[in-house]
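Text of run_36.txt (compact mmCIF, C-alpha atoms) as supplied:
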# COMPACT_ATOMS: atom_id res chain seq x y z
CA MET Q 1 -100.90 192.97 -1.11
CA GLU Q 2 -98.14 195.06 0.46
CA LYS Q 3 -96.92 193.51 3.71
CA LYS Q 4 -96.36 195.73 6.70
CA HIS Q 5 -92.83 195.80 8.15
CA GLU Q 6 -92.36 195.92 11.93
CA GLN Q 7 -89.14 195.93 13.96
CA TYR Q 8 -88.70 193.98 17.21
CA ASP Q 9 -85.75 193.02 19.35
CA VAL Q 10 -86.97 189.48 19.84
CA VAL Q 11 -89.55 187.47 17.90
CA ILE Q 12 -90.68 184.24 19.54
CA ILE Q 13 -92.35 181.65 17.31
CA GLY Q 14 -94.82 179.70 19.44
CA GLY Q 15 -96.90 180.78 22.44
CA GLY Q 16 -96.80 177.69 24.64
CA ALA Q 17 -95.05 177.30 27.99
CA ALA Q 18 -91.56 177.68 26.46
CA GLY Q 19 -92.41 180.71 24.30
CA LEU Q 20 -94.25 182.47 27.14
CA SER Q 21 -91.35 181.89 29.55
CA ALA Q 22 -88.87 183.20 26.98
CA GLY Q 23 -91.19 186.19 26.54
CA ILE Q 24 -91.26 186.89 30.29
CA TYR Q 25 -87.44 186.96 30.40
CA ALA Q 26 -87.01 189.00 27.21
CA GLY Q 27 -89.79 191.44 28.16
CA ARG Q 28 -88.43 191.91 31.65
CA ALA Q 29 -84.99 192.63 30.14
CA GLY Q 30 -86.55 195.62 28.41
CA LEU Q 31 -86.53 194.06 24.94
CA LYS Q 32 -89.34 194.77 22.51
CA THR Q 33 -90.76 191.29 22.20
CA LEU Q 34 -93.40 189.64 20.01
CA ILE Q 35 -94.86 186.15 20.40
CA ILE Q 36 -96.49 184.65 17.31
CA GLU Q 37 -98.89 181.76 17.97
CA LYS Q 38 -100.95 179.97 15.32
CA THR Q 39 -103.76 178.69 17.51
CA LEU Q 40 -104.46 179.50 21.13
CA ILE Q 41 -101.90 181.04 23.51
CA GLY Q 42 -100.81 178.27 25.88
CA GLY Q 43 -100.02 175.62 23.29
CA LEU Q 44 -100.17 171.96 24.11
CA ALA Q 45 -100.57 172.55 27.87
CA ASN Q 46 -104.08 173.86 27.12
CA ASN Q 47 -105.07 170.25 26.40
CA ALA Q 48 -104.14 169.00 29.86
CA ASN Q 49 -107.11 168.55 32.14
CA GLU Q 50 -104.95 168.87 35.23
CA ILE Q 51 -101.27 169.50 35.77
CA SER Q 52 -100.09 168.03 39.04
CA ASN Q 53 -96.31 168.10 38.64
CA TYR Q 54 -95.70 171.79 37.94
CA PRO Q 55 -94.16 173.16 41.13
CA GLY Q 56 -96.05 175.85 42.99
CA PHE Q 57 -99.55 174.48 42.38
CA PRO Q 58 -100.08 171.77 45.02
CA GLU Q 59 -103.85 171.80 44.51
CA GLU Q 60 -103.46 170.99 40.80
CA ILE Q 61 -104.45 173.41 38.10
CA SER Q 62 -105.82 172.97 34.61
CA GLY Q 63 -103.35 173.54 31.80
CA GLU Q 64 -105.51 176.32 30.41
CA GLU Q 65 -105.61 178.19 33.74
CA LEU Q 66 -101.86 177.84 34.19
CA MET Q 67 -101.17 179.15 30.69
CA LYS Q 68 -103.46 182.14 31.27
CA LEU Q 69 -101.25 183.05 34.24
CA PHE Q 70 -98.11 182.68 32.09
CA LYS Q 71 -99.66 184.98 29.50
CA LYS Q 72 -100.70 187.55 32.07
CA GLN Q 73 -97.14 187.65 33.39
CA ALA Q 74 -95.70 188.11 29.87
CA GLU Q 75 -98.19 190.92 29.18
CA LYS Q 76 -97.10 192.61 32.39
CA PHE Q 77 -93.61 192.90 30.91
CA GLY Q 78 -94.91 194.42 27.70
CA VAL Q 79 -94.79 191.36 25.45
CA LYS Q 80 -97.00 191.68 22.35
CA PHE Q 81 -98.97 188.81 20.83
CA LYS Q 82 -100.03 188.01 17.27
CA LEU Q 83 -102.26 185.01 16.54
CA THR Q 84 -101.33 183.80 13.08
CA ASP Q 85 -99.15 181.24 11.34
CA VAL Q 86 -95.63 181.94 10.17
CA LYS Q 87 -95.22 181.49 6.42
CA LYS Q 88 -91.50 182.03 5.96
CA VAL Q 89 -88.37 182.82 7.97
CA ASP Q 90 -84.90 184.08 7.12
CA LEU Q 91 -82.82 183.42 10.22
CA ILE Q 92 -79.28 183.55 8.89
CA PRO Q 93 -78.72 187.34 8.41
CA GLU Q 94 -78.22 189.70 11.32
CA ASP Q 95 -81.52 191.35 10.40
CA LYS Q 96 -83.71 188.25 10.78
CA THR Q 97 -87.19 188.19 9.28
CA VAL Q 98 -90.33 186.27 10.21
CA GLU Q 99 -93.11 186.56 7.68
CA THR Q 100 -96.85 186.09 8.23
CA PHE Q 101 -99.77 186.60 5.86
CA SER Q 102 -99.89 190.36 6.46
CA ASN Q 103 -96.59 191.30 8.13
CA ILE Q 104 -92.84 190.98 7.88
CA TYR Q 105 -91.34 191.13 11.36
CA HIS Q 106 -87.67 192.07 11.67
CA ALA Q 107 -85.81 190.87 14.74
CA ARG Q 108 -82.29 190.79 16.12
CA ALA Q 109 -82.93 187.54 17.93
CA VAL Q 110 -85.45 184.79 17.19
CA ILE Q 111 -86.54 182.09 19.63
CA VAL Q 112 -88.14 179.02 18.07
CA ALA Q 113 -90.63 177.51 20.53
CA SER Q 114 -92.98 176.04 17.94
CA GLY Q 115 -93.56 172.73 19.73
CA GLY Q 116 -95.19 169.98 17.78
CA GLN Q 117 -98.35 168.69 16.22
CA PRO Q 118 -100.24 165.56 17.21
CA ARG Q 119 -99.23 162.61 15.10
CA LEU Q 120 -101.92 161.15 12.84
CA THR Q 121 -102.45 157.46 12.12
CA GLY Q 122 -102.38 157.90 8.34
CA ALA Q 123 -105.32 155.46 8.10
CA ALA Q 124 -107.94 155.72 5.36
CA GLY Q 125 -110.65 158.36 5.89
CA GLU Q 126 -108.73 160.15 8.65
CA GLU Q 127 -108.66 163.65 7.13
CA ARG Q 128 -112.46 163.64 6.64
CA PHE Q 129 -113.07 163.57 10.38
CA LEU Q 130 -110.47 166.06 11.65
CA TYR Q 131 -111.37 169.50 13.10
CA GLY Q 132 -114.36 168.57 15.19
CA ARG Q 133 -115.94 165.87 13.02
CA GLY Q 134 -115.15 162.96 15.28
CA ILE Q 135 -111.37 162.76 15.63
CA SER Q 136 -109.98 164.75 18.55
CA PHE Q 137 -106.67 165.31 20.32
CA CYS Q 138 -107.93 167.00 23.47
CA ALA Q 139 -110.13 165.23 26.02
CA THR Q 140 -110.51 168.35 28.16
CA CYS Q 141 -111.79 170.33 25.18
CA ASP Q 142 -114.20 167.76 23.80
CA ALA Q 143 -115.29 165.52 26.70
CA ASP Q 144 -118.68 167.18 27.06
CA HIS Q 145 -119.66 166.11 23.52
CA TYR Q 146 -119.51 162.51 24.63
CA ILE Q 147 -121.68 162.35 27.72
CA GLY Q 148 -123.21 158.87 27.87
CA LYS Q 149 -121.44 157.84 24.66
CA HIS Q 150 -118.70 155.50 23.48
CA VAL Q 151 -115.26 156.75 22.46
CA LEU Q 152 -112.15 155.04 21.17
CA ILE Q 153 -108.68 156.04 22.33
CA VAL Q 154 -105.70 155.19 20.16
CA GLY Q 155 -102.39 154.89 22.01
CA SER Q 156 -101.10 153.60 25.34
CA GLY Q 157 -98.73 156.31 26.61
CA ASP Q 158 -99.36 158.50 29.65
CA ALA Q 159 -101.45 161.00 27.68
CA ALA Q 160 -103.62 158.26 26.16
CA ILE Q 161 -104.33 156.43 29.40
CA GLU Q 162 -104.67 159.49 31.68
CA GLU Q 163 -107.03 161.22 29.27
CA GLY Q 164 -108.92 157.93 28.80
CA ILE Q 165 -109.50 157.69 32.55
CA PHE Q 166 -110.65 161.33 32.54
CA LEU Q 167 -113.11 160.58 29.71
CA THR Q 168 -114.76 157.76 31.70
CA ARG Q 169 -116.25 160.46 33.94
CA PHE Q 170 -118.38 161.51 30.97
CA THR Q 171 -118.77 158.52 28.67
CA ASP Q 172 -120.48 155.15 29.02
CA GLN Q 173 -117.48 153.34 27.64
CA VAL Q 174 -113.91 154.04 26.60
CA THR Q 175 -112.24 151.48 24.34
CA VAL Q 176 -108.47 151.73 24.05
CA SER Q 177 -106.65 150.47 20.97
CA VAL Q 178 -103.16 149.36 22.01
CA MET Q 179 -100.63 148.10 19.47
CA HIS Q 180 -98.74 146.05 22.07
CA SER Q 181 -99.48 142.54 23.38
CA GLU Q 182 -102.06 142.01 26.12
CA GLY Q 183 -101.20 143.89 29.32
CA VAL Q 184 -98.37 145.95 27.79
CA MET Q 185 -98.75 149.76 27.79
CA ASP Q 186 -96.30 152.63 27.45
CA ALA Q 187 -97.90 154.59 30.31
CA GLY Q 188 -96.48 154.65 33.85
CA ARG Q 189 -97.44 151.74 36.13
CA ILE Q 190 -99.72 153.67 38.49
CA VAL Q 191 -101.78 155.00 35.61
CA GLN Q 192 -101.91 151.55 34.01
CA ALA Q 193 -103.26 150.00 37.21
CA GLN Q 194 -105.96 152.68 37.50
CA ALA Q 195 -107.01 152.08 33.90
CA LEU Q 196 -107.16 148.30 34.23
CA ALA Q 197 -109.31 148.65 37.37
CA ASN Q 198 -111.71 151.09 35.68
CA PRO Q 199 -114.91 149.21 34.75
CA LYS Q 200 -115.67 151.63 31.91
CA MET Q 201 -112.35 151.00 30.13
CA LYS Q 202 -111.97 148.15 27.64
CA PHE Q 203 -108.78 147.27 25.82
CA ARG Q 204 -108.21 145.96 22.30
CA TRP Q 205 -104.66 144.61 22.34
CA ASN Q 206 -102.45 144.13 19.25
CA THR Q 207 -104.51 146.59 17.23
CA VAL Q 208 -103.92 149.62 15.03
CA VAL Q 209 -106.40 151.75 13.07
CA ASP Q 210 -107.17 150.44 9.60
CA SER Q 211 -109.77 153.06 8.61
CA PHE Q 212 -112.20 155.69 9.85
CA VAL Q 213 -115.82 155.29 8.70
CA GLY Q 214 -118.85 157.58 8.61
CA LYS Q 215 -120.82 159.97 6.41
CA GLU Q 216 -120.69 163.54 7.77
CA GLU Q 217 -119.41 162.47 11.17
CA LEU Q 218 -117.37 159.54 12.41
CA THR Q 219 -119.49 156.47 13.26
CA ALA Q 220 -116.97 153.63 13.39
CA VAL Q 221 -113.26 152.90 13.48
CA VAL Q 222 -112.03 149.68 11.86
CA LEU Q 223 -109.21 148.16 13.91
CA LYS Q 224 -106.68 145.74 12.48
CA ASN Q 225 -105.12 143.02 14.59
CA ILE Q 226 -101.42 143.19 13.74
CA LYS Q 227 -100.88 139.55 14.67
CA THR Q 228 -103.78 137.93 12.80
CA GLY Q 229 -104.56 140.64 10.22
CA GLU Q 230 -108.22 140.42 11.26
CA LEU Q 231 -110.31 143.59 10.74
CA SER Q 232 -113.01 144.51 13.24
CA PRO Q 233 -115.19 147.62 13.15
CA VAL Q 234 -115.83 149.37 16.49
CA GLU Q 235 -118.91 151.59 16.52
CA VAL Q 236 -118.01 154.85 18.25
CA ASP Q 237 -119.24 158.40 18.70
CA GLY Q 238 -115.73 159.82 18.72
CA CYS Q 239 -112.05 158.91 18.59
CA PHE Q 240 -109.08 160.44 20.40
CA LEU Q 241 -105.57 160.04 19.01
CA PHE Q 242 -102.69 160.05 21.50
CA ILE Q 243 -99.88 158.53 19.48
CA GLY Q 244 -97.25 161.18 20.01
CA TYR Q 245 -96.18 164.43 18.45
CA GLU Q 246 -94.12 165.55 15.53
CA PRO Q 247 -91.99 168.67 15.84
CA ASP Q 248 -93.22 171.70 13.93
CA THR Q 249 -89.96 172.51 12.13
CA GLU Q 250 -90.77 172.36 8.41
CA LEU Q 251 -90.10 176.12 8.10
CA PHE Q 252 -86.57 175.83 9.49
CA LYS Q 253 -85.22 173.13 7.20
CA GLU Q 254 -81.99 174.22 5.52
CA GLN Q 255 -81.58 177.00 8.12
CA LEU Q 256 -81.24 175.29 11.49
CA PRO Q 257 -79.56 172.03 12.46
CA MET Q 258 -82.04 169.29 13.31
CA THR Q 259 -82.19 165.57 14.00
CA ALA Q 260 -83.45 163.04 11.45
CA ASP Q 261 -86.87 163.24 13.23
CA GLY Q 262 -86.95 167.02 12.81
CA TYR Q 263 -86.15 168.11 16.39
CA LEU Q 264 -83.92 171.19 16.66
CA VAL Q 265 -80.46 170.64 18.06
CA THR Q 266 -79.16 173.18 20.58
CA ASP Q 267 -76.38 173.48 23.13
CA GLU Q 268 -77.04 174.00 26.86
CA GLN Q 269 -77.58 177.73 26.24
CA MET Q 270 -80.42 176.86 23.82
CA GLN Q 271 -78.34 178.20 20.91
CA THR Q 272 -79.04 176.58 17.57
CA GLY Q 273 -75.66 177.28 16.01
CA VAL Q 274 -77.02 180.26 14.03
CA PRO Q 275 -76.03 183.44 15.96
CA GLY Q 276 -79.06 185.04 17.61
CA VAL Q 277 -81.36 182.07 17.00
CA PHE Q 278 -82.44 180.00 19.99
CA ALA Q 279 -84.82 177.06 20.45
CA ALA Q 280 -86.86 176.14 23.52
CA GLY Q 281 -89.42 173.57 24.64
CA ASP Q 282 -90.83 170.50 22.91
CA VAL Q 283 -89.33 171.45 19.54
CA ARG Q 284 -85.82 170.74 20.89
CA GLN Q 285 -84.10 167.44 20.97
CA LYS Q 286 -84.24 166.75 24.71
CA PHE Q 287 -84.91 164.18 27.41
CA ILE Q 288 -88.25 165.14 29.00
CA ARG Q 289 -91.01 167.22 27.43
CA GLN Q 290 -93.00 168.80 30.27
CA VAL Q 291 -94.26 172.27 31.19
CA SER Q 292 -91.52 172.48 33.83
CA THR Q 293 -88.72 171.70 31.37
CA ALA Q 294 -90.22 174.05 28.75
CA VAL Q 295 -90.11 176.84 31.33
CA GLY Q 296 -86.42 176.21 31.99
CA ASP Q 297 -85.63 176.19 28.27
CA GLY Q 298 -87.61 179.39 27.75
CA ALA Q 299 -85.84 181.20 30.59
CA ILE Q 300 -82.42 180.28 29.19
CA ALA Q 301 -83.39 181.23 25.63
CA GLY Q 302 -84.90 184.56 26.75
CA ALA Q 303 -81.78 185.41 28.73
CA GLY Q 304 -79.64 184.25 25.79
CA ALA Q 305 -81.47 186.59 23.42
CA GLU Q 306 -80.89 189.45 25.82
CA LYS Q 307 -77.18 188.67 26.03
CA HIS Q 308 -76.92 188.38 22.24
CA ILE Q 309 -78.47 191.80 21.71
CA TYR Q 310 -76.70 193.64 24.53
CA VAL Q 311 -73.32 192.10 23.89
CA LYS Q 312 -73.62 193.05 20.26
CA ASP Q 313 -74.41 196.71 20.68
CA GLY Q 314 -74.09 197.56 24.34
CA LYS Q 315 -77.80 198.49 24.27
CA ALA Q 316 -81.10 197.41 22.80
CA VAL Q 317 -81.69 200.09 20.20
CA CYS Q 318 -85.31 199.55 19.30
CA VAL Q 319 -86.80 199.59 22.80
CA GLU Q 320 -89.43 202.31 22.73
CA MET N 1 -113.68 191.32 -3.37
CA ALA N 2 -116.16 191.39 -0.54
CA ASP N 3 -116.05 191.15 3.23
CA ARG N 4 -118.58 189.08 5.11
CA ARG N 5 -119.14 188.67 8.80
CA LEU N 6 -120.36 185.56 10.60
CA ASN N 7 -121.59 185.80 14.18
CA CYS N 8 -120.91 182.59 16.12
CA LEU N 9 -120.99 184.13 19.61
CA GLY N 10 -122.50 181.75 22.13
CA GLU N 11 -122.07 178.74 19.87
CA ALA N 12 -120.04 175.68 20.81
CA CYS N 13 -117.98 173.38 18.62
CA PRO N 14 -118.49 172.10 16.03
CA ILE N 15 -121.23 174.63 15.06
CA PRO N 16 -118.85 177.58 14.34
CA LEU N 17 -116.71 175.38 12.08
CA VAL N 18 -119.71 173.97 10.20
CA LYS N 19 -121.09 177.48 9.65
CA THR N 20 -117.66 178.77 8.59
CA GLN N 21 -117.22 175.95 6.08
CA HIS N 22 -120.68 176.65 4.64
CA GLU N 23 -119.95 180.38 4.38
CA MET N 24 -116.49 179.91 2.81
CA GLY N 25 -118.11 177.69 0.17
CA LYS N 26 -120.02 180.75 -1.07
CA MET N 27 -116.99 183.05 -1.24
CA LYS N 28 -114.97 184.09 -4.27
CA ASP N 29 -111.19 184.51 -4.67
CA GLY N 30 -109.98 187.48 -2.64
CA ASP N 31 -113.04 187.57 -0.36
CA LEU N 32 -112.56 187.92 3.39
CA LEU N 33 -114.72 186.29 6.06
CA ILE N 34 -114.60 187.49 9.67
CA VAL N 35 -115.98 185.04 12.21
CA ASP N 36 -116.79 186.23 15.75
CA ILE N 37 -116.36 183.49 18.34
CA ASP N 38 -116.23 183.14 22.12
CA HIS N 39 -115.57 179.40 22.39
CA SER N 40 -111.84 178.66 22.66
CA CYS N 41 -112.07 175.25 21.03
CA ALA N 42 -113.00 176.92 17.74
CA ILE N 43 -109.58 178.66 17.78
CA ASN N 44 -108.02 175.26 17.33
CA HIS N 45 -110.49 173.88 14.80
CA ILE N 46 -111.26 176.80 12.48
CA PRO N 47 -107.71 178.05 11.70
CA GLY N 48 -106.51 174.43 11.40
CA TRP N 49 -109.21 173.61 8.90
CA ALA N 50 -108.86 176.92 7.03
CA ARG N 51 -105.08 176.60 6.54
CA ALA N 52 -105.38 172.95 5.49
CA ALA N 53 -107.99 174.06 2.93
CA GLY N 54 -105.52 176.60 1.49
CA TYR N 55 -107.02 179.79 2.94
CA ASN N 56 -105.08 182.47 4.79
CA CYS N 57 -106.14 182.79 8.38
CA GLU N 58 -105.33 185.19 11.22
CA VAL N 59 -106.94 185.68 14.61
CA GLU N 60 -107.47 188.88 16.59
CA GLU N 61 -108.10 188.58 20.30
CA THR N 62 -110.75 191.23 20.87
CA GLY N 63 -111.41 190.63 24.57
CA GLU N 64 -111.38 188.08 27.35
CA ASN N 65 -112.37 184.78 25.68
CA ARG N 66 -113.42 186.59 22.53
CA TRP N 67 -111.82 186.43 19.09
CA GLU N 68 -112.25 187.47 15.48
CA ILE N 69 -111.04 184.91 12.97
CA HIS N 70 -110.10 186.44 9.61
CA ILE N 71 -110.15 183.99 6.72
CA LYS N 72 -109.18 185.11 3.27
CA ARG N 73 -109.76 183.13 0.14
CA PRO N 74 -106.53 183.73 -1.79
CA PHE N 75 -106.17 184.70 -5.41
CA LYS N 76 -104.67 181.86 -7.39
CA LYS N 77 -101.02 182.87 -6.95
CA GLU N 78 -101.19 184.58 -3.56
CA THR N 79 -99.58 182.73 -0.67
Let me see whether you can do it: turn the structure in this file into structure tokens.
Amino acid sequence: MEKKHEQYDVVIIGGGAAGLSAGIYAGRAGLKTLIIEKTLIGGLANNANEISNYPGFPEEISGEELMKLFKKQAEKFGVKFKLTDVKKVDLIPEDKTVETFSNIYHARAVIVASGGQPRLTGAAGEERFLYGRGISFCATCDADHYIGKHVLIVGSGDAAIEEGIFLTRFTDQVTVSVMHSEGVMDAGRIVQAQALANPKMKFRWNTVVDSFVGKEELTAVVLKNIKTGELSPVEVDGCFLFIGYEPDTELFKEQLPMTADGYLVTDEQMQTGVPGVFAAGDVRQKFIRQVSTAVGDGAIAGAGAEKHIYVKDGKAVCVE
Amino acid sequence: MADRRLNCLGEACPIPLVKTQHEMGKMKDGDLLIVDIDHSCAINHIPGWARAAGYNCEVEETGENRWEIHIKRPFKKET
């Protein structure tokens, strides 16, 4: 199949908070801008039931609603969207290319805002229950499947405990598998206290997942006590994994500098070290991964792309 | 090569994915399936499953909360 070639000023890989913010800046600068997103525009923020620390929304807003507003603003500045996955990139030449199944996009600047993917446990049987067959990564999306039921949460960070508390509004019981000793969680103290006081939440300390069990759908998760080695099956209707994220940077290996964990390394201007290639948001090596910090990264990267193009030629030649 | 269309409008997860998996099982190399959906959760599940299964998958947003998912069963050497 012959792939179609299209020319843009800026191609942004990833349509989450960072990519959308970069798009708003690039679009507003008059650059012909494309955002490529492999799932739903909005990225990881779509999974958040409520966002209470993004300035400007004192009444709290769902992640999905907030991301719809970001998208609307990017569209206002003429940003185009394509919902597909990127297969290949060539970022080193001046004429950079980003290849999808049916297109080859040429760009003078590329902003990588590809974020990350939820980490899996690697336990036996896991892949059989992904994609809606019992293992989930988004409480907001899937809570209504579990009304009156029992779910297991794996993890003890803020996402795990906050989403666990949210799930108790729907379920009969939420069991939380925590790998740490009794009473130790990675979540903030206020959230921990709320969880411990919640009568619907039960904790299984010192445990990790040994295997996922079921025929067509998940029916039980076998937990392993890491101190005693004892295995105990927990009968559940669903399981939510909140054990962190891995950066989505496989495509950029050998082209962009990254840490041993795969996070992209940039300077304060979000430059990757390859001229005209910027990184923004969760995919970067950085201190705090939040919508608010992704927005800042995106703004800097979008402005950086503009500067790269204008400084180079004095004008953006392919603006229509 | 043949194109098929699967209407999943009004259906919630995991029904669109189950139907898509069933339909893809009947397809031959080079065939294209277009799935109509209006439930955003399927945008996460169906492309994720399709790509992990080795199919090519693209999504067209055709309206407010409405999408077409295009899934192509590749020929042996196509990527």
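The space separating atom CA of Thr272 of chain Q from atom CA of Phe252 of chain Q comes to 11.1 Å.
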When you look at segment 190-194 of chain Q with a cut-off of 8 Å (counting only C-alpha atoms), what residues show up, excluding the ones that are within fewer than 5 positions of it in the same chain? I need them as a JSON list (two decimals) with C-alpha atoms, in the coordinates of the input.
[["chain", "number", "residue", "atom", "x", "y", "z"],
["Q", 158, "ASP", "CA", -99.36, 158.50, 29.65],
["Q", 161, "ILE", "CA", -104.33, 156.43, 29.40],
["Q", 162, "GLU", "CA", -104.67, 159.49, 31.68],
["Q", 165, "ILE", "CA", -109.50, 157.69, 32.55],
["Q", 185, "MET", "CA", -98.75, 149.76, 27.79]]
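Non-sequential neighbours of Glu60 of chain N (distance at most 12 Å, separation of 6 or more positions within a chain, only C-alpha atoms) are Ile36, Glu37, Lys38, Thr39, Leu40, Ile41, Phe81, Lys82, Leu83 and Thr84 of chain Q; Ile34, Val35, Asp36, Ile37, Asp38, Ile43, Pro47, Arg66, Trp67, Glu68, Ile69, His70 and Ile71 of chain N.
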Contacts from chain Q to chain N, 12 Å maximum, all atoms listed in the file: show me the residue list as a PyMOL selection string.
chain Q and resi 1-3+36-44+46-47+64+68+72+80-88+99-103+117+127-145+216-217
I need the residues from that last selection saved to file as an mmCIF file, keeping the file's coordinate frame (with C-alpha atoms), if you can.
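Listing of out-v8.cif after writing:
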data_model
loop_
_atom_site.group_PDB
_atom_site.id
_atom_site.type_symbol
_atom_site.label_atom_id
_atom_site.label_comp_id
_atom_site.auth_asym_id
_atom_site.auth_seq_id
_atom_site.Cartn_x
_atom_site.Cartn_y
_atom_site.Cartn_z
ATOM 1 C CA MET Q 1 -100.900 192.970 -1.110
ATOM 2 C CA GLU Q 2 -98.140 195.060 0.460
ATOM 3 C CA LYS Q 3 -96.920 193.510 3.710
ATOM 4 C CA ILE Q 36 -96.490 184.650 17.310
ATOM 5 C CA GLU Q 37 -98.890 181.760 17.970
ATOM 6 C CA LYS Q 38 -100.950 179.970 15.320
ATOM 7 C CA THR Q 39 -103.760 178.690 17.510
ATOM 8 C CA LEU Q 40 -104.460 179.500 21.130
ATOM 9 C CA ILE Q 41 -101.900 181.040 23.510
ATOM 10 C CA GLY Q 42 -100.810 178.270 25.880
ATOM 11 C CA GLY Q 43 -100.020 175.620 23.290
ATOM 12 C CA LEU Q 44 -100.170 171.960 24.110
ATOM 13 C CA ASN Q 46 -104.080 173.860 27.120
ATOM 14 C CA ASN Q 47 -105.070 170.250 26.400
ATOM 15 C CA GLU Q 64 -105.510 176.320 30.410
ATOM 16 C CA LYS Q 68 -103.460 182.140 31.270
ATOM 17 C CA LYS Q 72 -100.700 187.550 32.070
ATOM 18 C CA LYS Q 80 -97.000 191.680 22.350
ATOM 19 C CA PHE Q 81 -98.970 188.810 20.830
ATOM 20 C CA LYS Q 82 -100.030 188.010 17.270
ATOM 21 C CA LEU Q 83 -102.260 185.010 16.540
ATOM 22 C CA THR Q 84 -101.330 183.800 13.080
ATOM 23 C CA ASP Q 85 -99.150 181.240 11.340
ATOM 24 C CA VAL Q 86 -95.630 181.940 10.170
ATOM 25 C CA LYS Q 87 -95.220 181.490 6.420
ATOM 26 C CA LYS Q 88 -91.500 182.030 5.960
ATOM 27 C CA GLU Q 99 -93.110 186.560 7.680
ATOM 28 C CA THR Q 100 -96.850 186.090 8.230
ATOM 29 C CA PHE Q 101 -99.770 186.600 5.860
ATOM 30 C CA SER Q 102 -99.890 190.360 6.460
ATOM 31 C CA ASN Q 103 -96.590 191.300 8.130
ATOM 32 C CA GLN Q 117 -98.350 168.690 16.220
ATOM 33 C CA GLU Q 127 -108.660 163.650 7.130
ATOM 34 C CA ARG Q 128 -112.460 163.640 6.640
ATOM 35 C CA PHE Q 129 -113.070 163.570 10.380
ATOM 36 C CA LEU Q 130 -110.470 166.060 11.650
ATOM 37 C CA TYR Q 131 -111.370 169.500 13.100
ATOM 38 C CA GLY Q 132 -114.360 168.570 15.190
ATOM 39 C CA ARG Q 133 -115.940 165.870 13.020
ATOM 40 C CA GLY Q 134 -115.150 162.960 15.280
ATOM 41 C CA ILE Q 135 -111.370 162.760 15.630
ATOM 42 C CA SER Q 136 -109.980 164.750 18.550
ATOM 43 C CA PHE Q 137 -106.670 165.310 20.320
ATOM 44 C CA CYS Q 138 -107.930 167.000 23.470
ATOM 45 C CA ALA Q 139 -110.130 165.230 26.020
ATOM 46 C CA THR Q 140 -110.510 168.350 28.160
ATOM 47 C CA CYS Q 141 -111.790 170.330 25.180
ATOM 48 C CA ASP Q 142 -114.200 167.760 23.800
ATOM 49 C CA ALA Q 143 -115.290 165.520 26.700
ATOM 50 C CA ASP Q 144 -118.680 167.180 27.060
ATOM 51 C CA HIS Q 145 -119.660 166.110 23.520
ATOM 52 C CA GLU Q 216 -120.690 163.540 7.770
ATOM 53 C CA GLU Q 217 -119.410 162.470 11.170
#
Students should find that atom CA of Ile13 of chain Q and atom CA of Pro74 of chain N are spaced 23.9 Å
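Nearest residue to Lys76 of chain Q, choosing from Q:His106, Q:Arg28, Q:His180, Q:His308 and counting all atoms listed in the file: Q:Arg28.
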Near Ser177 of chain Q, within 9 Å and counting only C-alpha atoms, which residues show up once chain neighbours fewer than 3 positions away are dropped, as a list in words?
Leu152, Ile153, Val154, Gly155, Ser156, Lys202, Phe203, Arg204, Trp205, Asn206, Thr207, Val208, Val209 and Leu223 of chain Q
